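Contents: one structure, followed by commentary.
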Amino acid sequence: MEHVHLAAEEDDLYSGYNDYNPTFDSEELDNDAGFQQAVRTSHGRRPPMTAKFPGTAIGGRALGTSFGVESRFGSESRLLKSRMPMASSMGRPMTGAVQDGAARPMTAVRAAGYSSAMTRGSTFDPLGQSKGPAPPLEGKSEDTPDEKVKILEKKVNDLIEESCLAHGHGDLQLSLDRAKEAGRKERALVRQREQSGNADHINLDLTYSVLFNLATQYANNDMYAEALNTYQVIVKNKMFSNAGRLKVNMANIHFKQKNYPKAIKLYRMALDQISNSHKEMRIKIMQNIGVVFIRMGQYSDAITSFEHIMSESPNIKTGFNLILCYYAIGDRERMKKAFQKLICVPLGIDEEDKYIPPNDDTHANLVIEAIKNDKLHQMERERKALAEKFIMTSAKLIAPAIEATFAAGFDWCVDMVKSSQYVELANDLEINKAITYLRQRDFKQAVETLKTFEKKDSRVKSAAATNLSFLYFLEKDYDQADRYADLAMTADRYNPAALINKGNTVFVKKDYEKAAEFYKEALRNDSSCTEALYNLGLTYKRLGRLEESLDCFLKLHAILRNSAQVMWQLANLFEMLEDPHQAIEWLMQLITVTPTDPQVLAKLGELYDSEGDKSQAFQYYQESFRYFPSNIDVIEWLGAYYIDTQFCEKAIQYFERATLIQPTQVKWQLMVASCYRRSGNYQKALETYKDIHRKFPENIECLRFLVRLCTDMGMKEVQDYATKLKKVEKMKEIREQRVKSAREGSARGTRREGSASSVGSPNLVRTPPKAIVGTPDPVRHPPKKDSEVDIKAVSHPEPKHSPLLDQGRDSGHSSHGTSAKGERLSAKMRALPGSNEPYEASSQRDIDASYVDPLGAPMERPKTAAKKRNEDDDFADEELGDDLLPE
C-alpha cells in the first residue's frame, strides 16, 4: 500500500490525454520508415509485449486498477515495476496506472461503443441498428410430448376455473358440465404422460383439484351418490396428503340424506385425522356432531359435545343449542347456567361509541364517516343482531320453565341481562313479557306491563305505546287507540308502525284523506312497510280513486308475490273498473295460491257466468260447493242451473240442502216440491206440499198447489184445502187493507205536520240510507283456535308488520253485483211453469228465488302494525302470517 498515491486537489487528473503521439497516427504509417521496415522483417512478427506483461492472472492484457499493478501482486511489486514499459513506448498511459505520482482514472471505451476495429470516420452505432431488424423468434414446436402435456394442463386448469365461475353465477348445470369435461381432459393428460414415459411426473395437485371440484359440483346438483363415490376415490388414494379432511364433506352429504349414524361416524373419523393444532376446525366438527345428535334425539350426547365446545371456545350458536338441549330434557338449573354462559360469550366487536364523530376534529370525522358503514362494521352489526336474537329466543323459551310462573322466569332473565353486556335487551324482554300475557289472554296484565314503559326512553316508549294502540284498536276502543298512537308518534315520529296505527284510527272515523296522509308519511319513513302500502290502497279505493289504488296494489304484489289478499284486491279493482278478463286472470293466479278457497271459486263462477260461459261457471261453482257446501248463493245457482238444463232430479239435492241451512225459508221447500212435480213424481210432490202446509199453514202458494194436485188426482181432501185457501186469502186481503189504511193515515198526518211547519223554515225530511251488511272477505284462512291466536305480531319493540283485519263488503259494488245477478237468475227462474200451466198456482214473484251476490266487493279495514316473524328459530312462536283475523 506504500506505493498507492492519492491525487491531490491541485493535480490535474486528466493531464496528458490530449498529447499527440505520432506513433498512433495510422494515416501516416505508410510514410513511417521504421514501421515499414518492422513489417517487412521478423521484428513485425514477434509476439506483442502485452503477452509478457502481467496485467491479468493469465498473463494477458494488463488489468488496470486504481491501485496500480502492485495492488494485485504486492509481493512482486518491485520486479513488475522494473519491467513496466515506459510511457513513450506504450503510447498513452495505462488506465489506472500510477504515473508521475498520481493514479490515472479508469475509462470504459467498450461500454460506450468503441472497439479497436473501428476506423476514423465510421458511424457511432452502439445498438447495431444499422444491421436492420432482428430476425423473428423461432416458434416452439407443439409436436413434442412436453408441449402437448403443457397444453393439456392449461386446458384442464381453464375448465376448473370456468366451473367455479359458473357456480358463482348460480349456473349449477354448466358448472357440473365443465367439471366433468375437466375430469376427461385430466385422464387424457395422464395417458399422454404414460405414453411419453413420464408417468413418474404426474401432477397430483392437478388431479386432486379436478376430483375435488367434480365432487363438489355433484353435491351442489344434489347428485349425492356420485359425489360420495368421487370423494371416496380421493380419500382412498394414499398419495393425496390431508385427504382425510374431506370426510367432513362426506358426512355433510349423509346429514342431508338424513343418514345420521353414518354422518356421525365420518365426522369422528375426520376428527381423528385432524391434529390438535387446527383447533377451530375441530370445534366446528364437534359442533356438527352435536347437531346430528339433536336430530337423532340423543340430547345427552349432544350436551357432551356442546359443553366441551363451551369450555374450549365458546360461541353464540353453541350456547343456544346447549340451552335447547337442556330445555328438551327439562333441567332447570342447567338451563340457568347455560343462559349465564350465553350472555357472557364475547362477541369480539368494538363498541359503537367509536363511530360517534368528535365535533372538533375534521380529519377524524372524515375517517369515521368512511368506516361507519364499511364491510367490517356491517359484519359486526350482523353478529350483534344474531347474538341478540339468540338471547331473546332463549329467554322466551326458558322463562316459563325455570320458575313456577313465567313472570318470575322473565324477571330472572331480565336481571341476568341487566348485569351483562346486553343491557339494552332488558326492555325488549319486558315487552315480550307483555306479549306472553297476551297469548294467555290476560289483557289486563299485558296493558299494565306496557304502561310501565311510559317513563322510559323514547324508543321503548314508542314501541310500548304502539302495542297498546294496537290492542285497543282490536278491542274497538278507538279513542284509547288514538291516544296511544299519538303518544307513540310523539316519542318517535319516524316510527312507521305508530303512523299506521294513527292512520287506522282516522280510517275508522271515515276521514280517508287524513288517513292517506299518515300512510304516506309511514311510507316515507320506511319504503318497505307493506302495511302502509296496503292500507293506502284501501283508502284510495274508498275514495273512489281506483287507478291510484290499483298502482298501490300492483307495487305491493311486486313485493309480496304470493299474497292472497293482494291478488284478491287486484281482481276486485279490475272488476270495478269493468275489466272482467283481467279480474279473471288475477283470480286464476289466486287459486294457485289458495286452490281450496270456496269464495274465490264462486267469484270465478260468477265472472264466467256474466261473460256467458255457463260451462266454466258451472265448473267453478261445483268446485266451490265441494269445498264449502253451505254457501246458499252457490246452492241456489246450481239448483237453477239444473232446472234450466231440464235435470230437475239433480236440482232437488241442492234445494234440500238449502232447506237444511234455512229451515224457516219456505221458498226452498216449495222449490223441492216444484222439482218433484216437474220430474213427474206427483205423489212425492203431494207429500212435500202437505209437509210444507203443516209447517206453514198460512202459505197461500202451498195451498194453491195442494188444491190443484188433489183436484187432478181426485182426492177427497180437495174441499178442505179449498176452504183453507179461501180463509187465508181473505185474511190476507184484510191485512193488506189495514196496512194500506194505516199508511194513508200516517201520510195525511205527515202532510198536516208539514203544512203546519211550513210557516217557519222549511225542513227536508230524508230517509236514511240503508246500511250494507258486510260479508267476510273471501280470501280467508281458517280461523285459529283460542290457543293458536298469535298476538306476537304487535309486541316487538319496533313493530314493523301488522296482520290484516277482516274485510267487509264495499257498498258501491255490492248493490251493482246484487242487481245484475238478480236479473240473471230471474231469467232462469222464469223457466219454471207459470200459473196457467198444469199444476202451477201462482206467479214466480211470490216464490222469491232471486240471486243475492255472495261475494261483492269486500269492505276493507286497515291493517295494523305488527312485528315480523323471527327466522331460523328452532323454538319460535306460532308463525305470523298475513291471514285475516275473524270479526
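Here's how to read the names in the C-alpha cells: chain A, B, ... by the order shown, residue numbers from 1 in each chain, ligand numbers from 1 in the order shown.
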Could you list, as a ChimeraX atom specification, every residue within 10 Å of Glu656 of chain A, counting only C-alpha atoms and ignoring same-chain residues fewer than 6 positions away?
/A:635,639,662-663,668-669,671-673
In segment 428-510 of chain A, DSSP helix (DSSP H, G or I) residues written as a PyMOL selection string:
chain A and resi 428-439+443-455+458-474+478-491+496-507
Please list as a list in words every residue within 12 Å of Asn249 of chain A, counting only C-alpha atoms and excluding residues in the same chain fewer than 6 positions away.
Phe212, Ala215, Thr216, Tyr218, Ala219, Asn220, Tyr224, Ala227, Leu228, Thr230, Tyr231, Gln232, Ile234, Val235, Ala243, Phe255, Lys256, Ala263, Ile264, Leu266, Tyr267, Met269, Ala270, Ile285 and Asn288 of chain A
